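A.B. asks: I am sharing structure.pdb, which consists of PDB, C-alpha atoms:
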```
ATOM      1  CA  MET A   1     -18.981  15.618   4.826
ATOM      2  CA  GLU A   2     -17.893  13.651   7.891
ATOM      3  CA  ILE A   3     -17.081  10.000   8.618
ATOM      4  CA  GLY A   4     -16.907   9.341  12.320
ATOM      5  CA  LYS A   5     -14.231  11.610  13.811
ATOM      6  CA  PHE A   6     -12.958  12.705  10.390
ATOM      7  CA  THR A   7     -13.892  15.494   7.992
ATOM      8  CA  ILE A   8     -13.474  14.470   4.337
ATOM      9  CA  LEU A   9     -11.395  16.950   2.368
ATOM     10  CA  GLY A  10     -11.393  15.049  -0.934
ATOM     11  CA  GLU A  11     -11.093  11.649  -2.598
ATOM     12  CA  LEU A  12      -7.561  10.399  -3.338
ATOM     13  CA  GLY A  13      -8.304   7.209  -5.233
ATOM     14  CA  THR A  14      -9.822   3.741  -5.373
ATOM     15  CA  GLY A  15      -8.498   0.213  -5.547
ATOM     16  CA  ALA A  16      -8.663  -3.297  -4.058
ATOM     17  CA  GLY A  17     -12.251  -2.881  -2.952
ATOM     18  CA  SER A  18     -11.515   0.365  -1.163
ATOM     19  CA  ARG A  19     -11.821   4.124  -1.429
ATOM     20  CA  ILE A  20      -9.133   6.421  -0.057
ATOM     21  CA  TYR A  21      -9.942   9.904   1.194
ATOM     22  CA  LYS A  22      -7.950  12.892   2.336
ATOM     23  CA  VAL A  23      -9.326  13.658   5.799
ATOM     24  CA  ARG A  24      -8.797  15.913   8.784
ATOM     25  CA  ARG A  25      -9.024  14.351  12.226
ATOM     26  CA  GLU A  26     -10.919  16.629  14.557
ATOM     27  CA  ALA A  27      -8.984  15.474  17.636
ATOM     28  CA  ASP A  28      -5.659  16.919  16.457
ATOM     29  CA  GLY A  29      -6.500  18.953  13.345
ATOM     30  CA  GLN A  30      -3.975  16.927  11.317
ATOM     31  CA  THR A  31      -4.423  15.699   7.742
ATOM     32  CA  TYR A  32      -4.390  11.959   7.018
ATOM     33  CA  ALA A  33      -5.391   9.478   4.345
ATOM     34  CA  LEU A  34      -8.280   7.177   5.265
ATOM     35  CA  LYS A  35      -8.778   3.895   3.416
ATOM     36  CA  ILE A  36     -12.357   2.647   3.678
ATOM     37  CA  VAL A  37     -13.456  -0.876   2.767
ATOM     38  CA  ALA A  38     -17.155  -1.781   2.739
ATOM     39  CA  ILE A  39     -18.365  -5.369   2.474
ATOM     40  CA  GLU A  40     -21.178  -5.687  -0.033
ATOM     41  CA  SER A  41     -20.718  -9.393  -0.858
ATOM     42  CA  ASN A  42     -18.793 -12.418   0.401
ATOM     43  CA  GLU A  43     -16.150 -11.713  -2.246
ATOM     44  CA  ASP A  44     -15.411  -8.378  -0.544
ATOM     45  CA  ARG A  45     -14.221 -10.098   2.637
ATOM     46  CA  LYS A  46     -10.782 -10.605   1.098
ATOM     47  CA  TYR A  47     -10.377  -6.821   0.962
ATOM     48  CA  VAL A  48     -10.895  -6.544   4.706
ATOM     49  CA  GLU A  49      -8.302  -9.306   5.131
ATOM     50  CA  GLN A  50      -5.875  -7.314   2.963
ATOM     51  CA  VAL A  51      -6.402  -4.175   5.057
ATOM     52  CA  GLN A  52      -5.873  -6.206   8.234
ATOM     53  CA  ASN A  53      -2.692  -7.635   6.710
ATOM     54  CA  GLU A  54      -1.497  -4.162   5.729
ATOM     55  CA  PHE A  55      -1.946  -2.952   9.291
ATOM     56  CA  ASP A  56      -0.274  -6.004  10.834
ATOM     57  CA  VAL A  57       2.863  -5.950   8.673
ATOM     58  CA  THR A  58       3.446  -2.189   8.743
ATOM     59  CA  ARG A  59       2.986  -1.418  12.438
ATOM     60  CA  GLY A  60       6.717  -1.759  13.073
ATOM     61  CA  PHE A  61       7.837   0.346  10.117
ATOM     62  CA  ASP A  62       9.759   3.544  10.790
ATOM     63  CA  HIS A  63      11.424   4.491   7.521
ATOM     64  CA  PRO A  64      11.057   7.676   5.459
ATOM     65  CA  ASN A  65      10.333   5.702   2.271
ATOM     66  CA  LEU A  66       7.632   3.408   3.697
ATOM     67  CA  LEU A  67       4.159   4.868   4.171
ATOM     68  CA  LYS A  68       3.163   4.995   7.834
ATOM     69  CA  VAL A  69       0.003   3.239   8.993
ATOM     70  CA  TYR A  70      -1.519   4.536  12.228
ATOM     71  CA  SER A  71      -4.648   2.617  13.148
ATOM     72  CA  LEU A  72      -7.233   0.099  11.984
ATOM     73  CA  GLU A  73     -10.916   0.008  12.845
ATOM     74  CA  ILE A  74     -12.900  -3.121  11.945
ATOM     75  CA  GLN A  75     -16.605  -2.316  11.676
ATOM     76  CA  LYS A  76     -19.360  -4.755  12.567
ATOM     77  CA  LYS A  77     -23.118  -4.992  12.171
ATOM     78  CA  LEU A  78     -24.619  -7.383  14.667
ATOM     79  CA  PHE A  79     -21.970 -10.139  14.762
ATOM     80  CA  PHE A  80     -20.680  -9.744  11.204
ATOM     81  CA  VAL A  81     -17.789  -7.700   9.844
ATOM     82  CA  SER A  82     -19.203  -4.979   7.601
ATOM     83  CA  GLY A  83     -16.053  -3.064   6.665
ATOM     84  CA  ALA A  84     -12.819  -1.491   7.810
ATOM     85  CA  ARG A  85     -11.109   1.897   8.098
ATOM     86  CA  LEU A  86      -7.334   2.212   7.889
ATOM     87  CA  LEU A  87      -5.729   5.505   8.917
ATOM     88  CA  LEU A  88      -2.617   6.310   6.880
ATOM     89  CA  GLU A  89       0.018   8.976   6.516
ATOM     90  CA  TYR A  90      -1.052  11.621   3.989
ATOM     91  CA  VAL A  91       1.448  12.612   1.306
ATOM     92  CA  ASP A  92       0.623  15.398  -1.135
ATOM     93  CA  GLY A  93       1.619  13.822  -4.431
ATOM     94  CA  MET A  94       0.714  11.157  -6.965
ATOM     95  CA  ALA A  95       1.580   7.625  -7.970
ATOM     96  CA  LEU A  96       4.643   7.133 -10.144
ATOM     97  CA  ALA A  97       2.291   5.640 -12.763
ATOM     98  CA  ASP A  98       0.741   9.101 -13.114
ATOM     99  CA  CYS A  99       4.097  10.882 -13.586
ATOM    100  CA  PRO A 100       5.118  10.104 -17.201
ATOM    101  CA  GLY A 101       8.184  11.631 -18.774
ATOM    102  CA  LEU A 102      10.200  12.261 -15.618
ATOM    103  CA  PRO A 103      13.866  13.056 -16.295
ATOM    104  CA  LEU A 104      16.379  10.240 -15.887
ATOM    105  CA  VAL A 105      18.062  11.805 -12.849
ATOM    106  CA  LYS A 106      14.693  12.131 -11.080
ATOM    107  CA  LEU A 107      13.796   8.496 -11.804
ATOM    108  CA  VAL A 108      17.155   7.263 -10.512
ATOM    109  CA  SER A 109      16.618   9.240  -7.300
ATOM    110  CA  ILE A 110      13.112   7.814  -6.888
ATOM    111  CA  PHE A 111      14.241   4.224  -7.345
ATOM    112  CA  PHE A 112      17.193   4.700  -5.003
ATOM    113  CA  LYS A 113      14.709   5.689  -2.277
ATOM    114  CA  VAL A 114      12.352   2.819  -3.114
ATOM    115  CA  ALA A 115      15.256   0.362  -2.861
ATOM    116  CA  ASP A 116      16.265   1.878   0.481
ATOM    117  CA  GLY A 117      12.735   1.377   1.814
ATOM    118  CA  MET A 118      12.632  -2.179   0.464
ATOM    119  CA  SER A 119      15.933  -2.968   2.166
ATOM    120  CA  ALA A 120      14.559  -1.844   5.538
ATOM    121  CA  MET A 121      11.376  -3.841   4.955
ATOM    122  CA  HIS A 122      13.316  -6.994   4.055
ATOM    123  CA  ALA A 123      15.473  -6.599   7.172
ATOM    124  CA  ASP A 124      12.207  -6.902   9.137
ATOM    125  CA  GLY A 125      11.290 -10.079   7.240
ATOM    126  CA  ILE A 126       8.526  -8.401   5.209
ATOM    127  CA  TYR A 127       8.147  -8.688   1.421
ATOM    128  CA  HIS A 128       5.838  -6.337  -0.461
ATOM    129  CA  ALA A 129       4.863  -8.734  -3.309
ATOM    130  CA  ASP A 130       3.295  -5.972  -5.436
ATOM    131  CA  ILE A 131       5.932  -3.346  -6.241
ATOM    132  CA  LYS A 132       4.705  -1.445  -9.313
ATOM    133  CA  PRO A 133       4.340   2.195 -10.462
ATOM    134  CA  ASP A 134       0.897   2.473  -8.831
ATOM    135  CA  ASN A 135       2.407   1.560  -5.455
ATOM    136  CA  ILE A 136       5.168   4.177  -5.444
ATOM    137  CA  LEU A 137       3.998   7.575  -4.243
ATOM    138  CA  VAL A 138       5.958  10.644  -5.335
ATOM    139  CA  GLY A 139       5.322  13.704  -3.172
ATOM    140  CA  ARG A 140       5.457  17.333  -4.216
ATOM    141  CA  ARG A 141       8.176  17.869  -1.600
ATOM    142  CA  ARG A 142      10.315  15.109  -3.134
ATOM    143  CA  GLU A 143       9.095  12.448  -0.735
ATOM    144  CA  VAL A 144       9.048   8.907  -2.118
ATOM    145  CA  LYS A 145       6.908   6.296  -0.373
ATOM    146  CA  VAL A 146       6.228   2.624  -1.025
ATOM    147  CA  ILE A 147       2.491   2.155  -0.397
ATOM    148  CA  ASP A 148      -0.221  -0.538  -0.279
ATOM    149  CA  PHE A 149       0.994  -3.497   1.776
ATOM    150  CA  GLY A 150      -2.235  -5.465   1.453
ATOM    151  CA  LEU A 151      -0.487  -8.377  -0.320
ATOM    152  CA  ALA A 152       2.700  -8.272   1.760
ATOM    153  CA  TRP A 153       4.216 -11.503   3.080
ATOM    154  CA  ARG A 154       6.115 -12.286   6.258
ATOM    155  CA  ARG A 155       9.246 -14.419   5.980
ATOM    156  CA  GLY A 156       8.293 -18.105   6.058
ATOM    157  CA  GLU A 157       4.595 -17.460   5.465
ATOM    158  CA  LYS A 158       2.682 -19.699   3.064
ATOM    159  CA  LYS A 159      -0.272 -18.588   0.964
ATOM    160  CA  ASP A 160      -2.526 -20.666  -1.230
ATOM    161  CA  ARG A 161      -3.007 -18.327  -4.162
ATOM    162  CA  VAL A 162      -0.954 -16.280  -6.582
ATOM    163  CA  GLN A 163      -0.639 -12.670  -5.461
ATOM    164  CA  GLY A 164       0.709  -9.647  -7.322
ATOM    165  CA  THR A 165       0.086  -7.751 -10.561
ATOM    166  CA  LEU A 166       0.524  -9.700 -13.796
ATOM    167  CA  GLU A 167       2.716  -7.189 -15.674
ATOM    168  CA  PHE A 168       5.282  -7.104 -12.845
ATOM    169  CA  LEU A 169       4.963 -10.677 -11.547
ATOM    170  CA  ALA A 170       8.122 -12.657 -10.808
ATOM    171  CA  PRO A 171       8.198 -16.265 -12.131
ATOM    172  CA  GLU A 172       8.190 -17.777  -8.627
ATOM    173  CA  GLN A 173       5.047 -15.812  -7.737
ATOM    174  CA  ALA A 174       3.127 -17.378 -10.615
ATOM    175  CA  GLN A 175       4.653 -20.854 -10.573
ATOM    176  CA  ASN A 176       5.235 -21.659  -6.915
ATOM    177  CA  LYS A 177       3.216 -18.994  -5.091
ATOM    178  CA  ILE A 178       6.382 -18.012  -3.223
ATOM    179  CA  VAL A 179       7.441 -14.479  -2.340
ATOM    180  CA  ASN A 180      10.817 -13.428  -0.933
ATOM    181  CA  GLY A 181      13.346 -10.620  -1.268
ATOM    182  CA  LYS A 182      14.289 -11.665  -4.792
ATOM    183  CA  THR A 183      10.636 -11.413  -5.802
ATOM    184  CA  ASP A 184      10.482  -7.761  -4.747
ATOM    185  CA  ILE A 185      13.725  -7.105  -6.629
ATOM    186  CA  PHE A 186      12.211  -8.623  -9.787
ATOM    187  CA  ASN A 187       9.053  -6.523  -9.325
ATOM    188  CA  LEU A 188      11.218  -3.424  -8.856
ATOM    189  CA  GLY A 189      13.241  -4.251 -11.971
ATOM    190  CA  ALA A 190      10.046  -4.617 -14.019
ATOM    191  CA  THR A 191       8.807  -1.310 -12.591
ATOM    192  CA  MET A 192      12.075   0.395 -13.517
ATOM    193  CA  TYR A 193      11.915  -1.031 -17.021
ATOM    194  CA  ARG A 194       8.387   0.341 -17.445
ATOM    195  CA  SER A 195       9.378   3.738 -16.063
ATOM    196  CA  PHE A 196      12.620   4.143 -17.998
ATOM    197  CA  SER A 197      11.358   2.769 -21.323
ATOM    198  CA  GLY A 198       7.804   4.079 -21.242
TER     199      GLY A 198
END
```
Translate the structure of the given file into structure tokens.
C.D. replies:
Amino acid sequence: MEIGKFTILGELGTGAGSRIYKVRREADGQTYALKIVAIESNEDRKYVEQVQNEFDVTRGFDHPNLLKVYSLEIQKKLFFVSGARLLLEYVDGMALADCPGLPLVKLVSIFFKVADGMSAMHADGIYHADIKPDNILVGRRREVKVIDFGLAWRRGEKKDRVQGTLEFLAPEQAQNKIVNGKTDIFNLGATMYRSFSG
């Protein structure tokens, strides 16, 4: 099956109004991940906004523990946005949430790399706002990548709604709708607690 200039090799997952596929781009023969968002109702428009946000905040990233984002295509029918396609780095692996029972030494190594990626992100004035086991990708070649920047904030940005995942939410996210470096650290701590304690 093909989508535009890509051959679909398999489905990687779903979430936030999107489907993610493993694809091969015919132009270079390389393997990528392709996130596809389709608008089926007015409510779905927020998912296109999240994909746009993910592309905007990650374009400057160049760190081995932050997933690379290559391009964004906004699709339109007549004059209306009908969906979006986000081309991402492909990593052969699975989310930390799907890796139960990892040895302590392995978990420490994973979280060291996540913290290193977060540090680089914060230095650029970007805060993830949704660090959790589902958003940490563990590759078969020992790669560790922070993924899914759809809810990410820029330093000084204001948003009018609570964003994040309830089980890992920092108090200031819920109470004041504020996200900063300390928020990501709280989210990471909650993620570590879940991973270490089961």
A.B. asks: Check what the PyMOL selection byres ((chain A and resi 65) around 10) selects in the file above and give those residues as a count of residues only.
C.D. replies: 23
A.B. asks: Measuring between all atoms listed in the file, which one of A:Glu73, A:Asp92, A:Glu54, A:Glu167 shows the shortest distance to His128 (chain A)?
C.D. replies: A:Glu54
A.B. asks: Let me make sure I understand: among A:Val37, A:Ala84, A:Met192, A:Ala123, which one has the smallest atom-to-atom distance to Leu96 (chain A) if we use all atoms listed in the file?
C.D. replies: A:Met192
A.B. asks: I'd like the interatomic distance between CA of Ala170 (chain A) and CA of Glu43 (chain A), to a tenth of an Å.
C.D. replies: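 Distance between the two atoms: 25.8 Å.
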A.B. asks: Can you tell me, as a list in words, what residues are no more than 12 Å from Asp56 (chain A) when counting only C-alpha atoms, ignoring any on the same chain fewer than 6 positions away?
C.D. replies: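 Contacts, in chain order: Glu49, Gln50, Lys68, Val69, Tyr70, Ser71, Leu72, Leu86, Ile126, Phe149, Gly150, Leu151, Ala152, Trp153 and Arg154 of chain A.
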A.B. asks: Excluding same-chain residues fewer than 2 positions from Lys35 (chain A), what lies within 10 Å of it counting all atoms listed in the file, as a list in words?
C.D. replies: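 Surrounding residues, per the criterion: Leu12, Gly13, Thr14, Gly15, Gly17, Ser18, Arg19, Ile20, Tyr21, Lys22, Tyr32, Ala33, Val37, Val51, Leu72, Ala84, Arg85, Leu86, Leu87 and Leu88 of chain A.
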A.B. asks: So how far away is CA of Cys99 (chain A) from CA of Phe196 (chain A), in Å?
C.D. replies: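 Those two atoms sit 11.7 Å apart.
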A.B. asks: Check what the PyMOL selection byres ((chain A and resi 24-31) around 8) selects in the file above and give those residues as a list in words.
C.D. replies: Lys5, Phe6, Thr7, Ile8, Leu9, Lys22, Val23, Tyr32, Ala33 and Tyr90 of chain A
A.B. asks: When distances are computed from all atoms listed in the file, which of A:Val91, A:Phe112, A:Asp148, A:Phe79 shows the smallest separation from Asn53 (chain A)?
C.D. replies: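 Closest residue, counting all atoms listed in the file: A:Asp148.
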A.B. asks: To one decimal place in Å, what is the distance between CA of Asn135 (chain A) and CA of Ala95 (chain A)?
C.D. replies: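 So the answer is 6.6 Å.
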A.B. asks: Hey, which of A:Gly93, A:Gly156, A:Gly181, A:Gly139 ends up closest to His122 (chain A)? Count only C-alpha atoms.
C.D. replies: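 Comparing A:Gly93, A:Gly156, A:Gly181, A:Gly139 against His122 (chain A), the winner is A:Gly181.
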A.B. asks: Could you spell out the hits of the PyMOL selection byres ((chain A and resi 172) around 12) on the shown file, as a list in words?
C.D. replies: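 With the PyMOL selection byres ((chain A and resi 172) around 12) on this model, the match is Ala129, Val162, Gln163, Gly164, Phe168, Leu169, Ala170, Pro171, Gln173, Ala174, Gln175, Asn176, Lys177, Ile178, Val179, Asn180, Gly181, Lys182, Thr183, Asp184, Phe186 and Asn187 of chain A.
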A.B. asks: Taking only C-alpha atoms into account, which of A:Thr58, A:Arg45, A:Lys132, A:Leu166 comes nearest Tyr193 (chain A)?
C.D. replies: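 Looking at the shortest contact to Tyr193 (chain A), the residue is A:Lys132.
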A.B. asks: Ranking A:Val57, A:Met94, A:Ile36, A:Ile185 by minimum distance to Asp134 (chain A) and counting only C-alpha atoms, which one comes first?
C.D. replies: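 Ranked by minimum distance to Asp134 (chain A), first place goes to A:Met94.
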A.B. asks: Please rebuild region 173-184 of chain A with all heavy atoms and give the result as a CSV table (one decimal), keeping the file's coordinate frame.
C.D. replies:
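rebuild_10.csv written:
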```
chain,number,residue,atom,x,y,z
A,173,GLN,N,6.4,-16.2,-8.2
A,173,GLN,CA,5.0,-15.8,-7.7
A,173,GLN,C,4.0,-16.6,-8.5
A,173,GLN,O,3.0,-17.1,-7.9
A,173,GLN,CB,4.8,-14.3,-7.9
A,173,GLN,CG,5.4,-13.4,-6.9
A,173,GLN,CD,5.2,-12.0,-7.3
A,173,GLN,OE1,5.9,-11.4,-8.1
A,173,GLN,NE2,4.3,-11.3,-6.6
A,174,ALA,N,4.1,-16.7,-9.8
A,174,ALA,CA,3.1,-17.4,-10.6
A,174,ALA,C,3.2,-18.9,-10.5
A,174,ALA,O,2.2,-19.6,-10.5
A,174,ALA,CB,3.3,-16.9,-12.1
A,175,GLN,N,4.5,-19.4,-10.5
A,175,GLN,CA,4.7,-20.9,-10.6
A,175,GLN,C,4.5,-21.6,-9.2
A,175,GLN,O,3.9,-22.6,-9.1
A,175,GLN,CB,6.0,-21.2,-11.2
A,175,GLN,CG,6.1,-20.7,-12.6
A,175,GLN,CD,7.6,-20.8,-13.2
A,175,GLN,OE1,8.5,-21.2,-12.5
A,175,GLN,NE2,7.8,-20.3,-14.4
A,176,ASN,N,5.1,-21.0,-8.2
A,176,ASN,CA,5.2,-21.7,-6.9
A,176,ASN,C,4.5,-20.9,-5.8
A,176,ASN,O,4.5,-21.4,-4.7
A,176,ASN,CB,6.7,-21.8,-6.5
A,176,ASN,CG,7.5,-22.6,-7.6
A,176,ASN,OD1,7.0,-23.6,-8.1
A,176,ASN,ND2,8.7,-22.1,-7.9
A,177,LYS,N,3.9,-19.8,-6.1
A,177,LYS,CA,3.2,-19.0,-5.1
A,177,LYS,C,4.1,-18.6,-3.9
A,177,LYS,O,3.7,-18.7,-2.8
A,177,LYS,CB,2.0,-19.7,-4.6
A,177,LYS,CG,1.0,-20.1,-5.7
A,177,LYS,CD,-0.1,-20.9,-5.2
A,177,LYS,CE,-1.0,-21.4,-6.4
A,177,LYS,NZ,-2.1,-22.3,-6.0
A,178,ILE,N,5.4,-18.4,-4.2
A,178,ILE,CA,6.4,-18.0,-3.2
A,178,ILE,C,6.8,-16.6,-3.4
A,178,ILE,O,7.0,-16.1,-4.5
A,178,ILE,CB,7.6,-18.9,-3.4
A,178,ILE,CG1,7.3,-20.4,-3.0
A,178,ILE,CG2,8.8,-18.4,-2.5
A,178,ILE,CD1,8.4,-21.3,-3.2
A,179,VAL,N,7.0,-15.9,-2.3
A,179,VAL,CA,7.4,-14.5,-2.3
A,179,VAL,C,8.6,-14.4,-1.4
A,179,VAL,O,8.5,-14.8,-0.2
A,179,VAL,CB,6.3,-13.5,-2.0
A,179,VAL,CG1,6.9,-12.1,-1.8
A,179,VAL,CG2,5.3,-13.5,-3.1
A,180,ASN,N,9.7,-13.7,-1.8
A,180,ASN,CA,10.8,-13.4,-0.9
A,180,ASN,C,11.5,-12.1,-1.4
A,180,ASN,O,10.9,-11.4,-2.3
A,180,ASN,CB,11.8,-14.6,-0.9
A,180,ASN,CG,12.3,-15.0,-2.3
A,180,ASN,OD1,12.4,-14.2,-3.2
A,180,ASN,ND2,12.4,-16.3,-2.5
A,181,GLY,N,12.7,-11.9,-0.9
A,181,GLY,CA,13.3,-10.6,-1.3
A,181,GLY,C,13.6,-10.5,-2.8
A,181,GLY,O,13.5,-9.5,-3.4
A,182,LYS,N,14.0,-11.7,-3.4
A,182,LYS,CA,14.3,-11.7,-4.8
A,182,LYS,C,13.1,-11.3,-5.6
A,182,LYS,O,13.2,-10.7,-6.7
A,182,LYS,CB,14.8,-13.0,-5.2
A,182,LYS,CG,16.2,-13.3,-4.6
A,182,LYS,CD,16.7,-14.7,-5.0
A,182,LYS,CE,18.0,-15.0,-4.4
A,182,LYS,NZ,18.5,-16.4,-4.7
A,183,THR,N,11.9,-11.7,-5.1
A,183,THR,CA,10.6,-11.4,-5.8
A,183,THR,C,10.4,-9.9,-5.9
A,183,THR,O,10.1,-9.4,-6.9
A,183,THR,CB,9.4,-12.0,-5.1
A,183,THR,OG1,9.7,-13.4,-4.8
A,183,THR,CG2,8.2,-11.9,-5.8
A,184,ASP,N,10.6,-9.2,-4.8
A,184,ASP,CA,10.5,-7.8,-4.7
A,184,ASP,C,11.5,-7.1,-5.7
A,184,ASP,O,11.2,-6.1,-6.4
A,184,ASP,CB,10.7,-7.2,-3.3
A,184,ASP,CG,9.4,-7.3,-2.5
A,184,ASP,OD1,8.3,-7.6,-3.0
A,184,ASP,OD2,9.5,-7.1,-1.3
```
